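Raw query37.cif, mmCIF, C-alpha atoms (C1' of nucleotides):
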```
data_entry
#
loop_
_atom_site.label_atom_id
_atom_site.label_comp_id
_atom_site.auth_asym_id
_atom_site.auth_seq_id
_atom_site.Cartn_x
_atom_site.Cartn_y
_atom_site.Cartn_z
CA MET H 1 75.44 132.75 184.07
CA ALA H 2 72.84 130.84 185.99
CA GLY H 3 69.18 131.71 185.79
CA ARG H 4 69.21 134.96 187.66
CA ARG H 5 65.61 136.09 187.58
CA GLY H 6 64.33 138.97 189.59
CA ASP H 7 66.78 141.50 188.21
CA THR H 8 65.01 141.79 184.90
CA ARG H 9 64.57 145.52 185.22
CA GLU H 10 68.31 146.04 185.51
CA ARG H 11 68.99 143.61 182.70
CA ILE H 12 66.67 145.63 180.48
CA GLN H 13 68.54 148.81 181.38
CA ARG H 14 71.89 147.20 180.65
CA VAL H 15 70.88 145.73 177.29
CA ALA H 16 69.01 148.85 176.23
CA LEU H 17 72.02 151.05 176.96
CA GLU H 18 74.20 148.62 175.02
CA LEU H 19 71.99 148.86 171.97
CA PHE H 20 71.42 152.61 172.28
CA VAL H 21 75.18 153.11 172.18
CA GLU H 22 75.65 150.65 169.30
CA GLN H 23 72.85 151.82 167.04
CA GLY H 24 71.46 155.02 168.46
CA TYR H 25 68.22 155.57 170.35
CA GLU H 26 65.85 155.93 167.42
CA LYS H 27 67.19 152.98 165.46
CA THR H 28 66.88 150.69 168.45
CA SER H 29 63.45 149.10 168.65
CA LEU H 30 61.88 147.49 171.68
CA ARG H 31 61.72 144.32 169.64
CA GLU H 32 65.52 144.25 169.41
CA ILE H 33 65.94 144.88 173.12
CA ALA H 34 63.48 142.12 173.89
CA GLU H 35 65.16 139.72 171.47
CA ARG H 36 68.63 140.22 172.89
CA LEU H 37 67.17 139.66 176.34
CA GLY H 38 65.28 136.58 175.28
CA VAL H 39 61.87 137.94 176.19
CA THR H 40 59.03 139.59 174.29
CA LYS H 41 58.15 143.21 173.87
CA ALA H 42 55.19 142.86 176.17
CA ALA H 43 57.46 141.79 179.00
CA LEU H 44 59.34 145.05 178.64
CA TYR H 45 56.13 146.96 179.16
CA TYR H 46 55.65 145.28 182.49
CA HIS H 47 58.85 146.91 183.76
CA PHE H 48 58.74 150.21 181.88
CA ARG H 49 55.71 152.15 180.81
CA THR H 50 57.31 153.49 177.64
CA LYS H 51 60.54 153.41 175.68
CA GLU H 52 61.23 156.90 176.92
CA ASP H 53 60.98 155.70 180.50
CA ILE H 54 63.94 153.42 179.91
CA VAL H 55 66.05 156.39 178.90
CA HIS H 56 64.83 158.41 181.85
CA SER H 57 65.85 155.64 184.23
CA LEU H 58 69.26 155.48 182.58
CA VAL H 59 69.93 159.20 182.82
CA ALA H 60 68.46 159.50 186.32
CA ASP H 61 71.46 157.68 187.76
CA LEU H 62 73.89 160.02 186.07
CA SER H 63 71.80 162.99 187.10
CA ALA H 64 71.81 161.92 190.73
CA ALA H 65 75.57 161.45 190.68
CA LEU H 66 76.06 164.93 189.28
CA ASP H 67 73.74 166.37 191.94
CA GLU H 68 75.77 164.66 194.59
CA LEU H 69 78.98 166.11 193.21
CA LEU H 70 77.42 169.57 192.99
CA GLU H 71 76.19 169.41 196.55
CA TRP H 72 79.57 168.23 197.78
CA ALA H 73 81.31 171.02 195.91
CA GLY H 74 78.83 173.66 197.02
CA GLU H 75 80.12 173.39 200.54
CA ARG H 76 83.75 173.57 199.47
CA PRO H 77 84.27 176.65 197.31
CA ARG H 78 88.00 176.14 196.95
CA ALA H 79 88.03 172.49 195.92
CA ARG H 80 88.31 173.08 192.20
CA GLU H 81 90.92 170.43 191.64
CA GLU H 82 89.09 167.81 193.60
CA VAL H 83 85.88 168.60 191.73
CA LEU H 84 87.62 167.88 188.45
CA ARG H 85 89.09 164.68 189.85
CA ARG H 86 85.71 163.46 191.01
CA PHE H 87 84.06 164.40 187.74
CA ALA H 88 86.72 162.46 185.87
CA ALA H 89 86.14 159.50 188.14
CA LEU H 90 82.40 159.57 187.41
CA VAL H 91 82.96 159.65 183.68
CA ASP H 92 85.63 156.97 183.69
CA GLN H 93 84.31 154.53 186.16
CA ARG H 94 80.58 154.29 186.07
CA PHE H 95 78.97 156.61 183.59
CA GLY H 96 81.18 156.34 180.53
CA PRO H 97 78.59 154.49 178.43
CA VAL H 98 75.75 156.73 179.59
CA MET H 99 77.81 159.83 178.75
CA GLU H 100 78.53 158.42 175.33
CA PHE H 101 74.86 157.67 174.81
CA VAL H 102 73.84 161.15 175.88
CA GLN H 103 76.38 162.86 173.63
CA GLN H 104 75.58 160.72 170.61
CA ASN H 105 71.82 161.16 170.85
CA MET H 106 71.26 164.82 171.52
CA PRO H 107 68.03 165.13 169.51
CA ALA H 108 66.47 162.41 171.64
CA MET H 109 67.76 164.02 174.84
CA ARG H 110 66.26 167.31 173.78
CA GLU H 111 62.90 165.76 173.03
CA LEU H 112 62.82 164.00 176.39
CA GLY H 113 63.68 167.19 178.24
CA LEU H 114 66.92 165.65 179.44
CA LYS H 115 69.18 167.96 177.50
CA HIS H 116 68.01 170.90 179.52
CA THR H 117 68.36 169.08 182.83
CA LEU H 118 71.85 167.83 182.15
CA GLY H 119 72.85 171.11 180.55
CA GLU H 120 71.90 172.95 183.72
CA LYS H 121 73.97 170.64 185.87
CA LEU H 122 76.91 170.98 183.54
CA ALA H 123 76.53 174.74 183.67
CA GLU H 124 76.61 174.64 187.47
CA LEU H 125 79.67 172.43 187.37
CA PHE H 126 81.26 174.89 185.01
CA GLN H 127 80.58 177.76 187.39
CA LEU H 128 82.30 175.86 190.15
CA ILE H 129 85.58 175.79 188.27
CA CYS H 130 85.34 179.21 186.65
CA ALA H 131 83.82 182.43 187.95
CA ASP H 132 81.27 184.21 185.77
CA ASP H 133 83.34 187.36 185.56
CA GLU H 134 86.51 185.76 184.25
CA ASP H 135 87.60 186.87 180.83
CA PRO H 136 86.29 184.86 177.85
CA ALA H 137 89.54 183.04 177.15
CA THR H 138 89.78 181.81 180.72
CA GLN H 139 86.18 180.66 180.57
CA LEU H 140 86.81 178.80 177.36
CA ARG H 141 89.84 177.08 178.85
CA ALA H 142 87.75 175.99 181.80
CA ARG H 143 85.16 174.57 179.47
CA LEU H 144 87.82 172.74 177.54
CA ALA H 145 89.00 171.25 180.83
CA LEU H 146 85.64 169.51 181.13
CA VAL H 147 85.79 168.50 177.48
CA ALA H 148 89.20 166.94 178.04
CA LEU H 149 87.73 164.71 180.71
CA ILE H 150 84.84 163.47 178.61
CA LEU H 151 86.69 163.31 175.33
CA GLY H 152 86.92 159.55 175.61
CA ALA H 153 83.13 159.47 175.39
CA ASN H 154 83.01 161.90 172.47
CA PRO H 155 82.27 160.25 169.14
CA MET H 156 83.90 162.83 166.94
CA PHE H 157 87.24 162.87 168.67
CA SER H 158 87.84 159.33 169.80
CA SER H 159 87.17 157.45 166.61
CA GLY H 160 89.26 155.66 164.07
CA ARG H 161 92.96 156.28 164.25
CA VAL H 162 92.73 158.73 167.12
CA ALA H 163 92.58 156.93 170.43
CA PRO H 164 91.05 158.48 173.53
CA PRO H 165 93.60 160.05 175.84
CA PRO H 166 94.75 158.13 178.90
CA ARG H 167 92.90 159.11 182.06
CA ASP H 168 95.82 160.58 183.91
CA VAL H 169 96.85 162.69 180.92
CA ALA H 170 93.32 163.99 180.52
CA LEU H 171 93.23 164.98 184.16
CA GLU H 172 96.64 166.61 183.97
CA VAL H 173 95.65 168.75 180.99
CA ALA H 174 92.26 169.53 182.50
CA LEU H 175 93.91 170.80 185.67
CA GLU H 176 96.34 173.01 183.83
CA LEU H 177 93.44 174.46 181.84
CA ALA H 178 91.05 175.07 184.72
CA VAL H 179 93.48 175.87 187.50
CA PRO H 180 95.70 178.70 186.25
CA ARG H 181 99.24 178.22 187.39
CA ARG H 182 100.60 180.69 189.84
CA SER H 183 104.28 181.38 190.10
CA GLY H 184 104.68 179.23 193.19
CA GLY H 185 101.66 177.08 192.59
CA SER H 186 101.33 173.45 193.49
CA ALA H 187 102.15 171.08 190.69
CA THR H 188 100.64 167.68 190.14
CA MET Y 1 75.84 168.02 135.22
CA ALA Y 2 76.51 171.66 134.99
CA GLY Y 3 73.52 173.67 134.15
CA ARG Y 4 70.61 174.81 136.12
CA ARG Y 5 67.67 172.60 136.96
CA GLY Y 6 65.92 175.18 139.05
CA ASP Y 7 66.65 175.88 142.67
CA THR Y 8 64.31 173.28 144.13
CA ARG Y 9 67.12 170.86 144.81
CA GLU Y 10 68.95 173.49 146.85
CA ARG Y 11 65.78 174.50 148.64
CA ILE Y 12 65.28 170.88 149.64
CA GLN Y 13 68.82 170.74 150.98
CA ARG Y 14 68.36 173.95 152.92
CA VAL Y 15 65.03 172.99 154.47
CA ALA Y 16 66.14 169.44 155.21
CA LEU Y 17 69.24 170.66 157.03
CA GLU Y 18 67.08 173.10 158.98
CA LEU Y 19 64.79 170.33 160.16
CA PHE Y 20 67.58 167.84 160.77
CA VAL Y 21 69.21 170.35 163.13
CA GLU Y 22 65.91 171.21 164.82
CA GLN Y 23 64.57 167.71 165.35
CA GLY Y 24 67.29 165.26 164.49
CA TYR Y 25 67.67 163.11 161.40
CA GLU Y 26 65.50 160.18 162.43
CA LYS Y 27 62.63 162.28 163.73
CA THR Y 28 62.45 164.31 160.55
CA SER Y 29 60.19 162.74 157.95
CA LEU Y 30 60.12 163.46 154.26
CA ARG Y 31 56.52 164.54 154.74
CA GLU Y 32 57.66 167.35 157.05
CA ILE Y 33 60.34 168.48 154.64
CA ALA Y 34 57.84 168.49 151.81
CA GLU Y 35 55.27 170.36 153.87
CA ARG Y 36 57.65 173.11 154.91
CA LEU Y 37 58.66 173.44 151.28
CA GLY Y 38 55.08 173.52 150.06
CA VAL Y 39 55.42 170.47 147.84
CA THR Y 40 54.60 166.80 148.20
CA LYS Y 41 56.79 163.88 149.17
CA ALA Y 42 56.78 162.59 145.64
CA ALA Y 43 58.37 165.79 144.42
CA LEU Y 44 61.26 165.16 146.75
CA TYR Y 45 61.85 161.80 145.16
CA TYR Y 46 62.27 163.46 141.83
CA HIS Y 47 65.32 165.31 143.14
CA PHE Y 48 66.73 162.73 145.57
CA ARG Y 49 66.54 158.98 145.28
CA THR Y 50 66.36 158.42 149.03
CA LYS Y 51 66.32 160.28 152.33
CA GLU Y 52 69.90 159.16 152.85
CA ASP Y 53 70.90 160.78 149.59
CA ILE Y 54 69.89 164.14 150.99
CA VAL Y 55 72.30 163.69 153.88
CA HIS Y 56 75.04 162.53 151.55
CA SER Y 57 74.63 165.64 149.45
CA LEU Y 58 74.77 167.79 152.57
CA VAL Y 59 77.94 166.23 153.93
CA ALA Y 60 79.62 166.04 150.53
CA ASP Y 61 80.10 169.81 150.54
CA LEU Y 62 81.75 169.76 153.95
CA SER Y 63 83.84 166.80 152.92
CA ALA Y 64 85.09 168.56 149.81
CA ALA Y 65 85.98 171.67 151.78
CA LEU Y 66 88.00 169.60 154.23
CA ASP Y 67 89.78 167.85 151.36
CA GLU Y 68 90.65 171.20 149.92
CA LEU Y 69 92.07 172.36 153.24
CA LEU Y 70 94.03 169.13 153.63
CA GLU Y 71 95.47 169.42 150.16
CA TRP Y 72 96.41 173.03 150.72
CA ALA Y 73 98.09 172.18 154.01
CA GLY Y 74 99.86 169.12 152.63
CA GLU Y 75 102.05 171.36 150.54
CA ARG Y 76 102.83 173.68 153.46
CA PRO Y 77 104.13 171.62 156.38
CA ARG Y 78 104.80 174.66 158.59
CA ALA Y 79 101.49 176.41 158.23
CA ARG Y 80 99.95 175.14 161.45
CA GLU Y 81 98.50 178.47 162.47
CA GLU Y 82 96.98 179.17 159.10
CA VAL Y 83 95.46 175.69 159.02
CA LEU Y 84 93.67 176.40 162.27
CA ARG Y 85 92.54 179.77 160.99
CA ARG Y 86 91.11 178.27 157.84
CA PHE Y 87 89.44 175.46 159.74
CA ALA Y 88 87.83 178.00 162.04
CA ALA Y 89 86.66 179.98 159.04
CA LEU Y 90 85.04 176.88 157.54
CA VAL Y 91 83.20 176.08 160.74
CA ASP Y 92 82.08 179.63 161.38
CA GLN Y 93 81.19 180.83 157.95
CA ARG Y 94 79.70 178.11 155.84
CA PHE Y 95 79.50 174.78 157.58
CA GLY Y 96 78.37 175.65 161.08
CA PRO Y 97 74.91 174.11 160.65
CA VAL Y 98 76.28 171.03 158.89
CA MET Y 99 78.86 170.54 161.64
CA GLU Y 100 76.13 170.82 164.24
CA PHE Y 101 74.02 168.32 162.36
CA VAL Y 102 76.90 165.87 162.07
CA GLN Y 103 77.80 166.11 165.73
CA GLN Y 104 74.24 165.79 166.94
CA ASN Y 105 73.43 162.79 164.79
CA MET Y 106 76.38 160.46 165.12
CA PRO Y 107 74.37 157.23 164.97
CA ALA Y 108 72.95 158.28 161.62
CA MET Y 109 76.39 159.33 160.35
CA ARG Y 110 77.78 155.95 161.37
CA GLU Y 111 75.03 154.08 159.59
CA LEU Y 112 75.55 156.09 156.42
CA GLY Y 113 79.28 155.47 156.46
CA LEU Y 114 79.91 159.18 156.88
CA LYS Y 115 81.34 158.98 160.36
CA HIS Y 116 84.31 157.01 159.07
CA THR Y 117 84.90 159.36 156.17
CA LEU Y 118 84.76 162.50 158.26
CA GLY Y 119 86.68 160.87 161.09
CA GLU Y 120 89.55 160.10 158.72
CA LYS Y 121 89.69 163.67 157.49
CA LEU Y 122 89.64 164.97 161.04
CA ALA Y 123 92.46 162.58 161.92
CA GLU Y 124 94.51 163.89 159.02
CA LEU Y 125 93.83 167.43 160.10
CA PHE Y 126 94.91 166.49 163.59
CA GLN Y 127 98.19 165.09 162.28
CA LEU Y 128 98.86 168.34 160.52
CA ILE Y 129 98.88 170.28 163.76
CA CYS Y 130 100.48 167.66 165.97
CA ALA Y 131 103.15 165.09 165.14
CA ASP Y 132 102.44 161.45 165.94
CA ASP Y 133 105.42 161.17 168.25
CA GLU Y 134 104.53 164.07 170.52
CA ASP Y 135 103.84 163.20 174.11
CA PRO Y 136 100.22 162.40 175.04
CA ALA Y 137 99.54 165.69 176.82
CA THR Y 138 100.67 167.70 173.80
CA GLN Y 139 98.50 165.56 171.55
CA LEU Y 140 95.51 166.08 173.79
CA ARG Y 141 96.05 169.83 173.79
CA ALA Y 142 96.16 169.79 170.00
CA ARG Y 143 92.91 167.89 169.90
CA LEU Y 144 91.34 170.37 172.29
CA ALA Y 145 92.44 173.14 169.96
CA LEU Y 146 90.16 171.67 167.30
CA VAL Y 147 87.41 171.21 169.86
CA ALA Y 148 87.69 174.87 170.83
CA LEU Y 149 86.99 175.84 167.25
CA ILE Y 150 83.90 173.70 166.86
CA LEU Y 151 82.56 174.18 170.38
CA GLY Y 152 79.96 176.59 169.08
CA ALA Y 153 78.49 173.72 167.12
CA ASN Y 154 78.66 171.32 170.07
CA PRO Y 155 75.32 170.65 171.69
CA MET Y 156 76.60 169.71 175.12
CA PHE Y 157 78.73 172.76 175.65
CA SER Y 158 76.87 175.58 174.01
CA SER Y 159 73.43 175.15 175.52
CA GLY Y 160 71.39 176.97 178.09
CA ARG Y 161 73.23 179.44 180.21
CA VAL Y 162 76.60 178.77 178.63
CA ALA Y 163 77.01 180.73 175.44
CA PRO Y 164 79.37 179.66 172.66
CA PRO Y 165 82.72 181.45 172.81
CA PRO Y 166 83.33 184.38 170.46
CA ARG Y 167 85.23 183.12 167.46
CA ASP Y 168 88.28 185.32 167.98
CA VAL Y 169 88.64 184.01 171.53
CA ALA Y 170 88.23 180.44 170.30
CA LEU Y 171 90.96 180.97 167.76
CA GLU Y 172 93.23 182.58 170.32
CA VAL Y 173 92.88 179.67 172.74
CA ALA Y 174 93.17 177.13 169.94
CA LEU Y 175 96.44 178.65 168.81
CA GLU Y 176 97.91 178.66 172.30
CA LEU Y 177 96.94 175.01 172.67
CA ALA Y 178 98.21 173.76 169.33
CA VAL Y 179 101.15 176.07 168.84
CA PRO Y 180 103.30 175.82 171.97
CA ARG Y 181 104.36 179.24 173.19
CA ARG Y 182 107.88 180.35 172.90
CA SER Y 183 109.31 182.84 175.33
CA GLY Y 184 107.35 186.08 175.37
CA GLY Y 185 104.09 184.91 173.87
CA SER Y 186 102.06 187.35 171.85
CA ALA Y 187 98.64 188.24 173.14
CA THR Y 188 95.66 188.51 170.83
"C1'" DG X 1 58.31 168.79 137.79
"C1'" DT X 2 54.73 168.11 140.55
"C1'" DC X 3 50.69 165.74 141.74
"C1'" DT X 4 47.28 161.76 143.86
"C1'" DA X 5 47.04 157.36 145.56
"C1'" DT X 6 48.86 153.53 147.52
"C1'" DA X 7 51.97 149.90 148.48
"C1'" DA X 8 54.64 147.50 152.02
"C1'" DG X 9 56.62 147.68 156.11
"C1'" DT X 10 57.93 149.10 161.05
"C1'" DG X 11 57.26 151.29 165.15
"C1'" DG X 12 55.30 151.85 169.98
"C1'" DA X 13 51.78 150.41 172.73
"C1'" DT X 14 47.58 147.66 174.74
"C1'" DA X 15 44.37 143.62 176.11
"C1'" DG X 16 43.85 139.65 178.20
"C1'" DA X 17 45.27 134.57 178.77
"C1'" DC X 18 48.23 131.79 181.69
"C1'" DG A 1 56.05 138.12 185.02
"C1'" DT A 2 55.77 136.66 180.74
"C1'" DC A 3 53.21 135.34 176.86
"C1'" DT A 4 50.18 135.72 172.15
"C1'" DA A 5 47.74 138.53 169.33
"C1'" DT A 6 46.47 142.76 167.67
"C1'" DC A 7 45.87 147.80 166.80
"C1'" DC A 8 46.98 151.80 164.45
"C1'" DA A 9 49.83 155.73 163.49
"C1'" DC A 10 53.31 156.71 160.62
"C1'" DT A 11 57.30 155.79 157.64
"C1'" DT A 12 59.93 155.29 153.12
"C1'" DA A 13 59.23 154.54 148.60
"C1'" DT A 14 56.81 153.64 144.02
"C1'" DA A 15 53.28 153.97 140.01
"C1'" DG A 16 51.25 156.57 136.96
"C1'" DA A 17 48.23 160.82 135.75
"C1'" DC A 18 48.74 165.69 134.29
#
```
Give the structure from the file, written as structure tokens.
Amino acid sequence: MAGRRGDTRERIQRVALELFVEQGYEKTSLREIAERLGVTKAALYYHFRTKEDIVHSLVADLSAALDELLEWAGERPRAREEVLRRFAALVDQRFGPVMEFVQQNMPAMRELGLKHTLGEKLAELFQLICADDEDPATQLRARLALVALILGANPMFSSGRVAPPPRDVALEVALELAVPRRSGGSAT
Amino acid sequence: MAGRRGDTRERIQRVALELFVEQGYEKTSLREIAERLGVTKAALYYHFRTKEDIVHSLVADLSAALDELLEWAGERPRAREEVLRRFAALVDQRFGPVMEFVQQNMPAMRELGLKHTLGEKLAELFQLICADDEDPATQLRARLALVALILGANPMFSSGRVAPPPRDVALEVALELAVPRRSGGSAT
DNA sequence: GTCTATAAGTGGATAGAC
DNA sequence: GTCTATCCACTTATAGAC
């Protein structure tokens, strides 16, 4: 770790996300973020106008990635399986911590208007893997497919003695939930 | 202990839970609770020693109900279906708001030591419907069965355009996930 | 049981020097 | 870009009157 100055903005984002996940958004003060970074509060305000702006910048990346996936899928109506695969990849590889933060701090997301935004995108994603006119049980299974993929980031179901499911297992179960098997269907 | 000290204590609990669900735990001040109740902050402190005590009293009821279910099930190793039914009844009938509060305010639960407590009970419940030595996919399906039942209380998956599943559908899907079908499965 | 008044502290945010 | 110093709204919690 040499003196890498110039990337302070990204360092703030990284440390803030760390603390938000550890302690929650409300309990994390700008003083703590500044301390862990080795700067003062005032320095933070040079890079971000408000505390809320830090969160916005964090979620914007996730939001953009979801938009990209939605756009990609919009042109390929039959790519249900691949949509799930790519969603799983997003959650596992780059946005795991952000997803965890979002899920664990819903009241803050709501107040910042981010719950609605992300909720809409999730709803669109849901519609891609399950038609509106499917029966309720099929719709619920499709929703659970998405839950299976983000369960590792869910606080209630990946804590204590219960470990998060391995990636490949999550994907396998998600596929069987969202892609109803046909009698000669392709297996994974 | 027994005996009636007026219903103010219960009114505080009710209003506090209301506001905690609306705004989140951290954003809800004792002043707001007092105002909505038509009393002053100081009156609150007559009934509860701290803000945290209010939460403890709220979660204690849920905790006791889960203990009761666990005890009941402990004596009936084969009652997997009935366990799920009773869990669903708890979530739907009496503890829906508390469950929502708990799920939406994980950082607060963690800080109050309640996340661990509830997590342990959930883990025990999980073990009741799925043996430890089952394969990972079966375990994940069992976990999703529980998720299906509390999805109505989950902020990420019951918002905006996506309505919570009807409870009978949730139970149906939960049963098919946690209780592997034998030949000729029964519908509804 | 409920009130008024206040203590004691923390938070986010700003101004202006360097 | 980062600092020191400060402001002020608001919080939990307590003391003591009625």
Each residue of chain A lying at most 8 Å from region 2-12 of chain X should get a row with its shortest atom-to-atom pair and the distance in Å to one decimal, counting only C-alpha atoms (C1' of nucleotides); could you produce that, ordered by chain and increasing number, as CSV?
```
residue,atom,partner,partner_atom,distance
A:DT11,C1',X:DT10,C1',7.5
A:DT14,C1',X:DA7,C1',7.6
A:DC18,C1',X:DC3,C1',7.7
```
Explicit residues for the PyMOL selection byres ((chain H) within 9 of (chain X)) (as a list of chain:residue names)
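Taken over the shown coordinates, the PyMOL selection byres ((chain H) within 9 of (chain X)) returns H:Ser29, H:Leu30, H:Ala42, H:Tyr45, H:Thr50, H:Lys51.
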Using the selection just defined, write its residues with C-alpha atoms as a PDB file, in the coordinates of the input.
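Saved as selection-v9.pdb:
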```
ATOM      1  CA  SER H  29      63.450 149.100 168.650  1.00  0.00           C
ATOM      2  CA  LEU H  30      61.880 147.490 171.680  1.00  0.00           C
ATOM      3  CA  ALA H  42      55.190 142.860 176.170  1.00  0.00           C
ATOM      4  CA  TYR H  45      56.130 146.960 179.160  1.00  0.00           C
ATOM      5  CA  THR H  50      57.310 153.490 177.640  1.00  0.00           C
ATOM      6  CA  LYS H  51      60.540 153.410 175.680  1.00  0.00           C
TER       7      LYS H  51
END
```
I'd like the contact shell of Phe101 (chain H) - 9 Å cut-off, all atoms listed in the file, skipping same-chain residues fewer than 2 positions apart - returned as a PyMOL selection string.
chain H and resi 17+20-22+24-25+96-99+103-106+153
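Taking all atoms listed in the file into account, chain H lies nearest to A:DG1 out of the set A:DC7, A:DG1, A:DT12, A:DA17.
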Each side padded by 6 Å, which centre and which edge lengths in Å (one decimal) define the axis-aligned box around the listed atoms of region 129-139 of chain Y? Give them as JSON.
```
{"center_x": 102.0, "center_y": 165.7, "center_z": 170.3, "size_x": 18.9, "size_y": 21.1, "size_z": 25.1}
```
How close does each residue of chain A get to chain H, giving the shortest atom pair and distance in Å to one decimal for every residue with an atom at most 12 Å away, counting only C-alpha atoms (C1' of nucleotides), sorted by chain and residue number, as a Markdown table?
```
| residue | atom | partner | partner_atom | distance |
| --- | --- | --- | --- | --- |
| A:DG1 | C1' | H:Ala43 | CA | 7.2 |
| A:DT2 | C1' | H:Ala43 | CA | 5.7 |
| A:DC3 | C1' | H:Thr40 | CA | 7.7 |
| A:DT4 | C1' | H:Ala42 | CA | 9.6 |
| A:DA5 | C1' | H:Ala42 | CA | 11.0 |
```
Answer key for the PyMOL selection byres ((chain Y) within 7 of (chain H)), residues as a list in words
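When the PyMOL selection byres ((chain Y) within 7 of (chain H)) is applied, the selected residues are Gln23, Gly24, Glu26, Gln104, Asn105, Met106, Pro107, Gly119, Glu120, Ala123, Pro136, Ala137, Leu140, Leu144, Met156, Ser159, Gly160, Arg161, Val162, Pro165, Val169 and Val173 of chain Y.
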